[in-house]
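Asker: One structure follows; several queries about it will come next.
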Amino acid sequence: MGCLMVDNTPIVEMRNIKKSFGAVRALRGVDLALQHNEVLGLVGDNAAGKSTLMKVLSGAYIPDQGEIFIDDKRVRIEGPEDSRRLGIEMVYQDFALANNLDVAGNVFLGQEIVRWQLGPIRVMNKRRMEDRSRQLMDRLKIDIDSVRLKVENLSGGQRQSVAIGRATAFDAKIIIMDEPTAALSVAAIGQVLDLIEELKAQGVAIIMISHRLEDIHAVGDRVMVLRHGRRVADRPITGDIHEFREEAVAYMVGARDDFAEDTGNGRR
Amino acid sequence: MATTAAQPRESTGWSSRTLSAILRFREASIIMAFLALCLFFWWRNPNVFLKPANLAVIMRFVATFGLLAIGEVLVIITGGIDLSVGSMTALTGVLVATLMMKGIGFLSLSPLGIAPSIVIVLIVAGLVGSWHGLCVTKLGIPPFIITLGTWLIARGAAAFVTRGYPIVFPSDFPFLTLGQGEIFQIPIMFVTLVVVAVVAFFILTSTTLGRHIYAVGGNIEAARVSGVNVDRVRIFSYVGSGTMAGLVGILWASRLGQGTPTVGSGYELWAIAATVIGGTSLFGGQGTVLGAILGAAIMGVMINGMVLVNLSSYLQDVVLGVVLVIAVTYDTWRRRQ
Ligand SMILES: Nc1ncnc2c1ncn2[C@@H]1O[C@H](COP(=O)(O)OP(=O)(O)O)[C@@H](O)[C@H]1O
Ligand SMILES: [Mg+2]
């Protein structure tokens, strides 16, 4: 069925990614495809390899084996700079922001707008950074009184929104979030899920790790389940939350496996 | 809706709001403490306290602790500490005297040797600072330990080089103007502090380096993943602190007319106390140049006042200790709020 606008090339494709830490085989040949403008939920039990897979994509880890394609082009990601240059931003679970800086300071941390430079002395253009941060908060409908507020004075939901928002400040096309709702109150979770939908509406592709299946169900288009470093499911999100939860849990605990033939000394 | 608009957003009680408002306006309370101290010592010793000569003495102390505190602020904001600055004052003082008196070849005891000697000593002090920074960042040695090592080494080396005797300048040597001279009754040492403070203030508030210093202290991992060169920022802060110690060493050699291995003993604690009183948090991430100087002003008046009221030097140490403990306790308490 050809809808005219559909672009079938995935924006990200990871093929046969393997990564071990000593004797621990964290990833045993994982494939992942993320479509343009898609929200992909990544779930799995503790130590399944979710964070490791995303750190490979964000350049924090270099895989032992495997290939990564962005828009069908083979790329090398050997550090956070590489992935950032490719339009990938990662929102880390717990160390996203510097609490002693204000919102604008955090949005532009490490990428400050410079007014003039004399050797190593780079003088910031604070006004521009504040204005741009304000625009960013407005565009993403993040409710913050002033971008000059220190982050330590924000609520948990506002903080996580700023952390996610700053990832989009520099034209990221792909945003990875590791447990964005884990430490939040119910109201704050709502804020963050709204923000994710807003980002999707603005054309961003998102991978979201979460153990909160209801959040994946609420905003996700597709879900991928990892178990012991392998992909065991990859399917569109359909049905109501109860069906979804039951299915996902079945995959997570090993009762179901859509890729069982890939194991052992099999095809790959 | 004017009535609701006038309501405070937070619904905390009146007293805690007032309290936090006062605490937030920290500089005001420091200035008040400073004025109270001045009034006290003026009352105890009205004949001397406000004399220009005594004010100059106070200003030199403020300059000393202020310069050291500025260096210390840079390090403490990043979450580190520099315990070496008192001893470094002695070592650099001895070094600058050695260089000028016997030092650079034919230039010994010549006014032409002054500027090169100063530059060399500042560079050496900066290098010692970079040594601290490299040990902290690349080897993961706790800043407390590595700078405590230098605290011992620098003091010992200063005594060894001089065999324990001061290296005395001729009393008409032009270098002495730096520590003893005045411009419109303001000691040159104090003018130096003002100039350095303006530069440090500018770096901390307006440059990316300053922003990164705060970011490293606030959340080092966030800074790292945001692309901040965390190690370079931390090394810079130790270089800054080392250089300030070198500057103070030079100024005091000039002030005393000699390079002496006993100068600056305990100054690291005075400087750290000054920064903490001025609102710098020993937990990192917070601190200002203005606060450090206000803290140094309190320290300067205190040290001068204690001499004016003839407090025994043993008790002076007790007072310093008590002030330090109160300041740090307050910092800890405020952080838990
Ligand atoms: N830096 C590391 N060093 C050693 N082992 C690691 C490292 N990172 C992850 N692992 C191991 O890899 C496995 C997968 O971890 P992770 O990707 O964090 O799982 P998840 O995010 O799904 O909970 C775990 O057994 C974990 O202990
Ligand atoms: Mg994880």
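Each chain in the structure tokens gets a letter, A, B, ..., in the order shown, and its residues are numbered from 1; ligands are numbered from 1 in order too.
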With only C-alpha atoms and all ligand atoms counted and 6 Å as the cut-off, give the residues of chain A in contact with ligand 1, each with its shortest interatomic distance in Å and the pair that gives it, as a tab-separated table.
Answerer:
```
residue	atom	partner	partner_atom_place_in_ligand_line	distance
A:Phe21	CA	ligand 1	4 (C)	4.8
A:Ala26	CA	ligand 1	12 (O)	4.2
A:Asn46	CA	ligand 1	23 (O)	3.8
A:Ala47	CA	ligand 1	19 (O)	3.3
A:Ala48	CA	ligand 1	22 (O)	3.8
A:Gly49	CA	ligand 1	17 (O)	3.2
A:Lys50	CA	ligand 1	22 (O)	3.7
A:Ser51	CA	ligand 1	21 (O)	3.6
A:Thr52	CA	ligand 1	17 (O)	3.6
```
Asker: Compute the set of chain B residues within 9 Å of chain A, using only C-alpha atoms, and express it as an NGL selection string.
Answerer: :B and (203 or 206-209 or 211-212 or 214-229 or 285-286)
Asker: Name the residues in contact with Phe65 in chain B at a cut-off of 9 Å, using only C-alpha atoms, excluding same-chain residues fewer than 6 positions from it; report them as a VMD selection string.
Answerer: chain B and resid 248 267 to 268 270 to 272 274 292 to 293 295 to 297 299 to 300
Asker: Atoms to include: C-alpha atoms. Write the selected residues as a PDB file, in the first residue's frame.
Answerer:
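Saved result, out.pdb, follows:
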```pdb
ATOM      1  CA  VAL B 248      51.338  36.472  46.805  1.00  0.00           C
ATOM      2  CA  TYR B 267      47.474  31.084  54.762  1.00  0.00           C
ATOM      3  CA  GLU B 268      45.759  28.227  52.903  1.00  0.00           C
ATOM      4  CA  TRP B 270      42.695  31.668  55.922  1.00  0.00           C
ATOM      5  CA  ALA B 271      42.084  31.663  52.185  1.00  0.00           C
ATOM      6  CA  ILE B 272      39.748  28.678  52.327  1.00  0.00           C
ATOM      7  CA  ALA B 274      37.555  33.449  53.256  1.00  0.00           C
ATOM      8  CA  ALA B 292      35.836  35.584  48.118  1.00  0.00           C
ATOM      9  CA  ILE B 293      37.000  39.176  48.430  1.00  0.00           C
ATOM     10  CA  GLY B 295      35.447  36.919  52.942  1.00  0.00           C
ATOM     11  CA  ALA B 296      39.047  38.035  52.638  1.00  0.00           C
ATOM     12  CA  ALA B 297      38.053  41.487  53.919  1.00  0.00           C
ATOM     13  CA  MET B 299      39.708  37.809  57.481  1.00  0.00           C
ATOM     14  CA  GLY B 300      41.951  40.847  57.004  1.00  0.00           C
TER      15      GLY B 300
END
```
Asker: Mind checking which residues fall within 10 Å of Leu91 in chain B, counting only C-alpha atoms, ignoring those fewer than 5 positions away in the same chain, and posting them as a PyMOL selection string?
Answerer: chain B and resi 85-86+96-97+121+125+153-159+161-162+245-246+249-250+259-264
Asker: I'd like to know which residues of range 53-254 of chain B are strand (DSSP E) (by DSSP, run on the backbone); could you write them as a list of chain:residue names?
Answerer: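 In range 53-254 of chain B, DSSP puts these residues in strand (DSSP E): B:Ile167, B:Val168, B:Glu182, B:Ile183, B:Ile186, B:Pro187.
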Asker: I'd like the interatomic distance between CA of Leu118 in chain A and CA of Val195 in chain B, to a tenth of an Å.
Answerer: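 Between CA of Leu118 in chain A and CA of Val195 in chain B the gap works out to 19.1 Å.
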Asker: Residues at most 9 Å from range 168-185 of chain A, counting only C-alpha atoms, excluding those fewer than 3 positions away in the same chain, as a CSV table (one decimal) with N, CA and C atoms, in the first residue's frame?
Answerer:
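Just written: selection.csv:
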```
chain,number,residue,atom,x,y,z
A,11,ILE,N,16.0,5.6,9.2
A,11,ILE,CA,16.9,6.7,9.5
A,11,ILE,C,18.1,6.1,10.3
A,12,VAL,N,17.9,5.1,11.1
A,12,VAL,CA,19.0,4.4,11.7
A,12,VAL,C,18.9,2.9,11.5
A,36,HIS,N,12.0,6.9,10.0
A,36,HIS,CA,11.9,8.3,10.2
A,36,HIS,C,10.7,8.6,11.0
A,37,ASN,N,10.8,9.6,11.9
A,37,ASN,CA,9.6,10.1,12.6
A,37,ASN,C,8.9,9.0,13.4
A,50,LYS,N,20.1,-3.1,26.9
A,50,LYS,CA,19.4,-1.9,26.4
A,50,LYS,C,20.4,-0.7,26.4
A,51,SER,N,20.9,-0.4,27.6
A,51,SER,CA,21.7,0.8,27.7
A,51,SER,C,23.0,0.6,26.8
A,54,MET,N,22.3,1.4,23.2
A,54,MET,CA,22.1,2.8,23.0
A,54,MET,C,23.5,3.6,23.1
A,57,LEU,N,25.3,3.4,20.0
A,57,LEU,CA,24.7,4.3,19.0
A,57,LEU,C,25.2,5.8,19.3
A,58,SER,N,25.3,6.1,20.6
A,58,SER,CA,25.7,7.5,20.9
A,58,SER,C,27.2,7.6,21.0
A,84,ARG,N,27.0,12.9,17.6
A,84,ARG,CA,26.3,14.3,17.6
A,84,ARG,C,26.3,14.9,16.2
A,85,ARG,N,27.4,14.7,15.5
A,85,ARG,CA,27.6,15.3,14.2
A,85,ARG,C,26.5,14.6,13.2
A,86,LEU,N,26.2,13.4,13.5
A,86,LEU,CA,25.2,12.7,12.7
A,86,LEU,C,23.8,13.0,13.1
A,87,GLY,N,23.6,13.9,14.0
A,87,GLY,CA,22.3,14.3,14.4
A,87,GLY,C,21.7,13.4,15.5
A,88,ILE,N,22.5,12.7,16.2
A,88,ILE,CA,22.0,11.8,17.3
A,88,ILE,C,22.3,12.4,18.6
A,89,GLU,N,21.3,12.5,19.5
A,89,GLU,CA,21.6,13.1,20.8
A,89,GLU,C,21.0,12.1,21.8
A,90,MET,N,21.8,11.9,22.9
A,90,MET,CA,21.3,11.0,23.9
A,90,MET,C,21.0,11.7,25.2
A,91,VAL,N,19.9,11.4,25.8
A,91,VAL,CA,19.5,12.0,27.1
A,91,VAL,C,19.8,11.0,28.1
A,92,TYR,N,20.8,11.3,29.0
A,92,TYR,CA,21.2,10.3,29.9
A,92,TYR,C,20.2,10.3,31.1
A,93,GLN,N,20.1,9.1,31.7
A,93,GLN,CA,19.1,8.9,32.8
A,93,GLN,C,19.3,9.9,34.0
A,94,ASP,N,20.5,9.8,34.5
A,94,ASP,CA,20.7,10.5,35.8
A,94,ASP,C,21.7,11.7,35.7
A,107,VAL,N,21.2,24.3,28.4
A,107,VAL,CA,20.8,24.1,27.0
A,107,VAL,C,22.0,24.2,26.1
A,108,PHE,N,22.9,25.2,26.4
A,108,PHE,CA,24.0,25.5,25.6
A,108,PHE,C,25.3,24.9,26.2
A,132,ARG,N,17.5,32.1,22.5
A,132,ARG,CA,17.3,30.9,21.8
A,132,ARG,C,16.7,29.8,22.7
A,133,SER,N,17.1,29.8,24.0
A,133,SER,CA,16.6,28.8,24.9
A,133,SER,C,15.1,29.1,25.1
A,136,LEU,N,13.3,27.8,22.2
A,136,LEU,CA,13.2,26.3,22.3
A,136,LEU,C,12.1,25.9,23.2
A,156,GLY,N,10.9,18.0,39.0
A,156,GLY,CA,11.5,16.9,38.3
A,156,GLY,C,11.1,16.8,36.8
A,157,GLY,N,9.8,17.1,36.6
A,157,GLY,CA,9.3,17.0,35.2
A,157,GLY,C,9.9,18.1,34.3
A,160,GLN,N,13.5,17.2,33.5
A,160,GLN,CA,13.7,16.1,32.5
A,160,GLN,C,13.3,16.7,31.1
A,164,ILE,N,15.7,16.8,27.9
A,164,ILE,CA,15.3,16.3,26.6
A,164,ILE,C,15.3,17.5,25.5
A,165,GLY,N,14.8,18.6,26.0
A,165,GLY,CA,14.7,19.8,25.1
A,165,GLY,C,16.1,20.2,24.6
A,188,ALA,N,4.7,14.6,36.4
A,188,ALA,CA,5.9,14.9,35.6
A,188,ALA,C,6.0,13.9,34.4
A,189,ILE,N,5.6,12.7,34.6
A,189,ILE,CA,5.6,11.7,33.5
A,189,ILE,C,4.7,12.2,32.4
A,190,GLY,N,3.6,12.7,32.8
A,190,GLY,CA,2.7,13.3,31.8
A,190,GLY,C,3.3,14.4,30.9
A,192,VAL,N,6.5,14.8,30.4
A,192,VAL,CA,7.6,14.2,29.5
A,192,VAL,C,7.0,13.5,28.3
A,193,LEU,N,5.9,12.8,28.6
A,193,LEU,CA,5.2,12.1,27.4
A,193,LEU,C,4.7,13.0,26.4
A,199,LEU,N,7.8,16.3,20.1
A,199,LEU,CA,9.0,16.1,19.3
A,199,LEU,C,8.7,15.3,18.1
A,203,GLY,N,8.9,16.0,13.8
A,203,GLY,CA,9.6,15.2,12.8
A,203,GLY,C,10.9,14.5,13.3
A,204,VAL,N,11.0,14.4,14.7
A,204,VAL,CA,12.2,13.7,15.2
A,204,VAL,C,11.9,12.2,15.4
A,205,ALA,N,12.9,11.4,15.2
A,205,ALA,CA,12.8,10.0,15.5
A,205,ALA,C,13.4,9.7,16.9
A,206,ILE,N,12.7,8.9,17.6
A,206,ILE,CA,13.0,8.7,19.0
A,206,ILE,C,13.2,7.2,19.4
A,207,ILE,N,14.2,6.9,20.2
A,207,ILE,CA,14.3,5.6,20.8
A,207,ILE,C,14.2,5.8,22.3
A,208,MET,N,13.3,5.1,22.9
A,208,MET,CA,13.1,5.3,24.3
A,208,MET,C,13.2,4.0,25.1
A,209,ILE,N,14.2,4.0,26.0
A,209,ILE,CA,14.3,2.8,26.9
A,209,ILE,C,13.4,3.1,28.1
A,210,SER,N,12.6,2.1,28.4
A,210,SER,CA,11.8,2.3,29.6
A,210,SER,C,11.3,0.9,30.2
A,211,HIS,N,11.3,0.8,31.5
A,211,HIS,CA,10.6,-0.3,32.1
A,211,HIS,C,9.2,-0.1,32.4
A,212,ARG,N,8.7,1.2,32.1
A,212,ARG,CA,7.3,1.5,32.3
A,212,ARG,C,6.6,1.2,31.0
A,215,ASP,N,4.1,3.7,29.5
A,215,ASP,CA,4.7,4.9,28.8
A,215,ASP,C,5.0,4.5,27.4
```
Asker: Which residues are near Val136 in chain B? Cut-off 10 Å, only C-alpha atoms, ignore same chain within fewer than 2 positions. Put them as a PyMOL selection string.
Answerer: chain B and resi 80+130-134+138-147+231+234-235+238
Asker: Can you work out which one of B:Gly242, B:Gly305, B:Gly287, B:Pro174 has the shortest atom-to-atom distance to Gly257 in chain B, counting only C-alpha atoms?
Answerer: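 Going through B:Gly242, B:Gly305, B:Gly287, B:Pro174 one by one, the smallest distance to Gly257 in chain B is for B:Pro174.
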Asker: Return the single residue from B:Gly93, B:Ala273, B:Arg335, B:Gly210 that is closest to Val319 in chain B, with distances computed using only C-alpha atoms.
Answerer: B:Ala273
Asker: Distance CA of Leu37 in chain B-CA of Phe184 in chain B, one decimal place?
Answerer: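 We find that CA of Leu37 in chain B and CA of Phe184 in chain B lie 25.5 Å from each other.
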Asker: Using CA of Thr275 in chain B and CA of Val289 in chain B as the two end points, give the distance in Å to one decimal.
Answerer: 8.6 Å
Asker: Considering only C-alpha atoms, return as an MDAnalysis selection string whatever protein or nucleic-acid residues lie within 12 Å of Asn54 in chain B, sequence-local ones (same chain, fewer than 3 positions apart) excluded.
Answerer: chainID B and resid 41:42 45:51 57:61 185:187 300:301 303:305 307:308
Asker: How about saving the chosen residues, C-alpha atoms kept, as a PDB file, in the first residue's frame?
Answerer:
```pdb
ATOM      1  CA  PHE B  41      37.791  46.777  66.702  1.00  0.00           C
ATOM      2  CA  TRP B  42      37.368  50.504  66.233  1.00  0.00           C
ATOM      3  CA  ASN B  45      41.124  50.583  69.747  1.00  0.00           C
ATOM      4  CA  PRO B  46      39.802  53.916  68.449  1.00  0.00           C
ATOM      5  CA  ASN B  47      43.219  55.553  68.262  1.00  0.00           C
ATOM      6  CA  VAL B  48      44.798  53.088  65.901  1.00  0.00           C
ATOM      7  CA  PHE B  49      42.153  51.257  63.932  1.00  0.00           C
ATOM      8  CA  LEU B  50      41.235  53.989  61.440  1.00  0.00           C
ATOM      9  CA  LYS B  51      44.733  55.463  61.062  1.00  0.00           C
ATOM     10  CA  VAL B  57      48.053  47.106  56.894  1.00  0.00           C
ATOM     11  CA  ILE B  58      44.491  45.811  56.659  1.00  0.00           C
ATOM     12  CA  MET B  59      44.395  46.357  52.918  1.00  0.00           C
ATOM     13  CA  ARG B  60      47.584  44.353  52.492  1.00  0.00           C
ATOM     14  CA  PHE B  61      46.076  41.480  54.442  1.00  0.00           C
ATOM     15  CA  GLN B 185      47.495  55.944  49.883  1.00  0.00           C
ATOM     16  CA  ILE B 186      46.268  52.644  48.452  1.00  0.00           C
ATOM     17  CA  PRO B 187      48.888  49.899  48.744  1.00  0.00           C
ATOM     18  CA  GLY B 300      41.951  40.847  57.004  1.00  0.00           C
ATOM     19  CA  VAL B 301      40.103  42.914  59.571  1.00  0.00           C
ATOM     20  CA  ILE B 303      43.748  39.257  61.795  1.00  0.00           C
ATOM     21  CA  ASN B 304      44.559  42.946  62.185  1.00  0.00           C
ATOM     22  CA  GLY B 305      42.045  43.435  64.972  1.00  0.00           C
ATOM     23  CA  VAL B 307      46.781  42.021  66.890  1.00  0.00           C
ATOM     24  CA  LEU B 308      45.369  45.413  67.885  1.00  0.00           C
TER      25      LEU B 308
END
```
Asker: Where does DSSP see alpha helix (DSSP H) in range 104-306 of chain B, if you list the residues as a PyMOL selection string?
Answerer: chain B and resi 114-138+143-162+177-180+188-206+208-218+220-225+230-256+267-277+289-306
Asker: Pick out the closest residue to ligand 2 from this set: A:Leu213, A:Ile237, A:Ala218, A:Leu226. Count only C-alpha atoms and all ligand atoms.
Answerer: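 Going through A:Leu213, A:Ile237, A:Ala218, A:Leu226 one by one, the smallest distance to ligand 2 is for A:Leu226.
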Asker: Looking at only C-alpha atoms, which of A:Ile70, A:Ile62, A:Leu149, A:Ile142 is the one that sits closest to Gln191 in chain A?
Answerer: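 That would be A:Ile142, the residue with the smallest distance to Gln191 in chain A.
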Asker: Rank nothing, just name the residue among A:Ile144, A:Pro10, A:Val253, A:Val103 nearest to Ala163 in chain A, using only C-alpha atoms.
Answerer: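 Smallest separation from Ala163 in chain A among the options: A:Val103.
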